[in-house]
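Here's the structure, in structure tokens; my notes come after.
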Amino acid sequence: MKFYIKFILILISGALLSLSFYSPGFLAWFCLVPYLVAIYYSNLKQTVFFSFILGLIYFAGVTYWFTAYSFAFWFPIVGYLTIFTLFFGIVIYFIYSKISWSPLRIFLISAVWLAIEFFRNRTFLAFPWGMLAYSQHNYLALMQMTKITGVYGVSLILILFNSAIAETIINFIKIKKINLKCLLAIICLVVLIVVYGFININIYKKDFENKNYKKINIAVVQPNISFEEKFERDSGVIIPNPYSTKNYFKNDTELVVFPESVLWGTLEQNKTFKDWVAKTIKNENLYLIMGQILWDSKNNYYNSVVLYSPDLEILGRYNKIHPLPCAEYMPYPHILGFLSFLNIAKLNITPVREFSMINYPGKGKLGINICFESTLPIISRTFRFKGADAIFVFTDDAGFKHSIASWHHVIFSKVRAIENSCYVVHSSSMGISAVINPIGEIISKTELGKKEVLYETIYLNSKKSFYSQYGDIIMYIYFGFSFIFLSVYIFIIRFNKSKIKIAKFNKNLSK
């Protein structure tokens, strides 16, 4: 295959990968096929070059919204993510070079992609944008499998499908015959998953019709304020518009939700807001949960969420576990001090290792994600495993203005709801706020960058999904199975080579 043809295939693959996240998502089922075919006919140097080009197109397209915040920091992000496609390409090159059996290659290619996505979510530099599974968020029947496998399961199915198509094309080019066995097997698997999804959705709807779950009527306040406005110590800028002339909030409201870090300091340090809260919350007998930046006597700063009673008594507090590297704190400063020029944090947030649940009186437990934490499946899953009956996400997307980043953030919360089979409340300061049910339906949401209050009812549910209980065990089993599959193949190859050598040796002896 000529170089320019392979190069065109790489460009097509990169474009399809990026567009998968902005189209209905069907492009993800074919996006890696041109790339895999091109790599099969490439040497190692070409593989490295093509994988680099693929990574640049892929991740530049997926993260272009970051330019609304900073061009200077967008380039390092794209460069960092491209390293993963380079690694993927090199491993795939050796798989194609050393293994001739198509089913094994399909298994291994999928396992490598899955391992890379898994690793991207587990380091302190975790950056999960561009995980292939999120392109399928609109296909709720398919996404129900995340209740068993987590989000990685959807990526696995997509890569299995892509690699099976690539193998079919490669075999046709080589022997001029179409072998559809592997592809048909994977199509059957996809059909079974979708059927399971529809059944799961119907079970959920009947379950909530027949059972009396505890509910909370909430008012999600989207103040639509910039970073600069919330630094004012004594300001009423975050106070929402009243619902009516009689009540500030809708009559049956129980809990008022404010987004991430709307207050810097305690209520006492923000007199205008405290006076309004003291009057409104007490008069209307409401609970208040809100994001605050708090600090202790040693000047350790915390990105926190605090629950207040109608009398403004603190009933619970959560401190952020995973601050955003270089944006909220500098990780491992003694080791990574050379990267200090990337640190754009206005202050260093102290990471906390404790998963502190917030108990809502008489109703249940709330698991909290602050901003970036909702993009990491392990955090929501841990809260759910520890007994959270609903997940609340508090975020501030003001830095990304009117870009698509806010919608991407909602998609992460949408998948967290499906994975953990519980309601997710997504509260944003200047983005999109939403309430999502356990099958991933967005019940209601606000408009991007609009000051408003979202009124909705959520139901607390203690029934955990398989994923909430057992985490990524299905993925570990897949990795183990792939390793065993590879080991058996290597053993058979070596055994056959030994038999050939013995046969040649005996033949020489007979002569």
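Chain labels run A, B, ... following the order of the structure tokens; each chain numbers its residues from 1, and ligands are numbered from 1 in the order shown.
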### Polymer residues at most 9 Å from Ala417 of chain A, only C-alpha atoms, same-chain spacing of 3 or more positions, as an NGL selection string
:A and (380 or 390-391 or 412-414 or 420-424 or 436-440)
File dump, residues just selected, C-alpha atoms, as a PDB file, in the first residue's frame:
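File produced: again06.pdb:
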```pdb
ATOM      1  CA  SER A 380     -18.811   8.256  42.009  1.00  0.00           C
ATOM      2  CA  ALA A 390     -27.806   9.911  44.992  1.00  0.00           C
ATOM      3  CA  ILE A 391     -24.835  11.757  43.481  1.00  0.00           C
ATOM      4  CA  PHE A 412     -19.959  12.692  32.191  1.00  0.00           C
ATOM      5  CA  SER A 413     -22.655  13.091  34.853  1.00  0.00           C
ATOM      6  CA  LYS A 414     -25.149  11.327  32.606  1.00  0.00           C
ATOM      7  CA  ASN A 420     -24.384   3.657  39.429  1.00  0.00           C
ATOM      8  CA  SER A 421     -28.130   3.349  38.830  1.00  0.00           C
ATOM      9  CA  CYS A 422     -28.994   6.484  40.785  1.00  0.00           C
ATOM     10  CA  TYR A 423     -30.088  10.078  40.310  1.00  0.00           C
ATOM     11  CA  VAL A 424     -27.394  12.640  39.555  1.00  0.00           C
ATOM     12  CA  ILE A 436     -30.507  12.948  35.398  1.00  0.00           C
ATOM     13  CA  ASN A 437     -32.346   9.751  36.310  1.00  0.00           C
ATOM     14  CA  PRO A 438     -30.755   6.278  36.787  1.00  0.00           C
ATOM     15  CA  ILE A 439     -31.193   5.228  33.146  1.00  0.00           C
ATOM     16  CA  GLY A 440     -29.475   8.350  31.833  1.00  0.00           C
TER      17      GLY A 440
END
```
### Message
If we count only C-alpha atoms and set the cut-off at 12 Å, which residues sit around segment 42-45 of chain A, ignoring sequence neighbours fewer than 2 positions away in its own chain? Please answer as a VMD selection string.
### Response
chain A and resid 1 to 7 9 to 10 35 to 40 47 to 52 86 to 87 89 to 97
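Of the listed residues (A:Phe258, A:Tyr80, A:Tyr64, A:Trp29), A:Trp29 comes nearest to Ile159 of chain A; the distances count only C-alpha atoms.
The gap separating atom CA of Ile378 of chain A from atom CA of Pro259 of chain A is 21.6 Å, in Å to one decimal.
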### Summary
Across A:Asn202, A:Phe21, A:Thr149, A:Ile77, the smallest distance to Tyr476 of chain A, with only C-alpha atoms counted, is shown by A:Thr149
### Task
Using only C-alpha atoms, pick whichever of A:Lys274, A:Asn171, A:Thr245, A:Leu132 has the shortest atom-to-atom distance to Ser100 of chain A.
A:Asn171
### Which of A:Ile216, A:Leu448, A:Leu156, A:Ile484 sits closest to Ala115 of chain A [using only C-alpha atoms]
A:Leu156
### Message
I'd like the interatomic distance between atom CA of Thr266 of chain A and atom CA of Ile293 of chain A, to a tenth of an Å.
### Response
8.2 Å
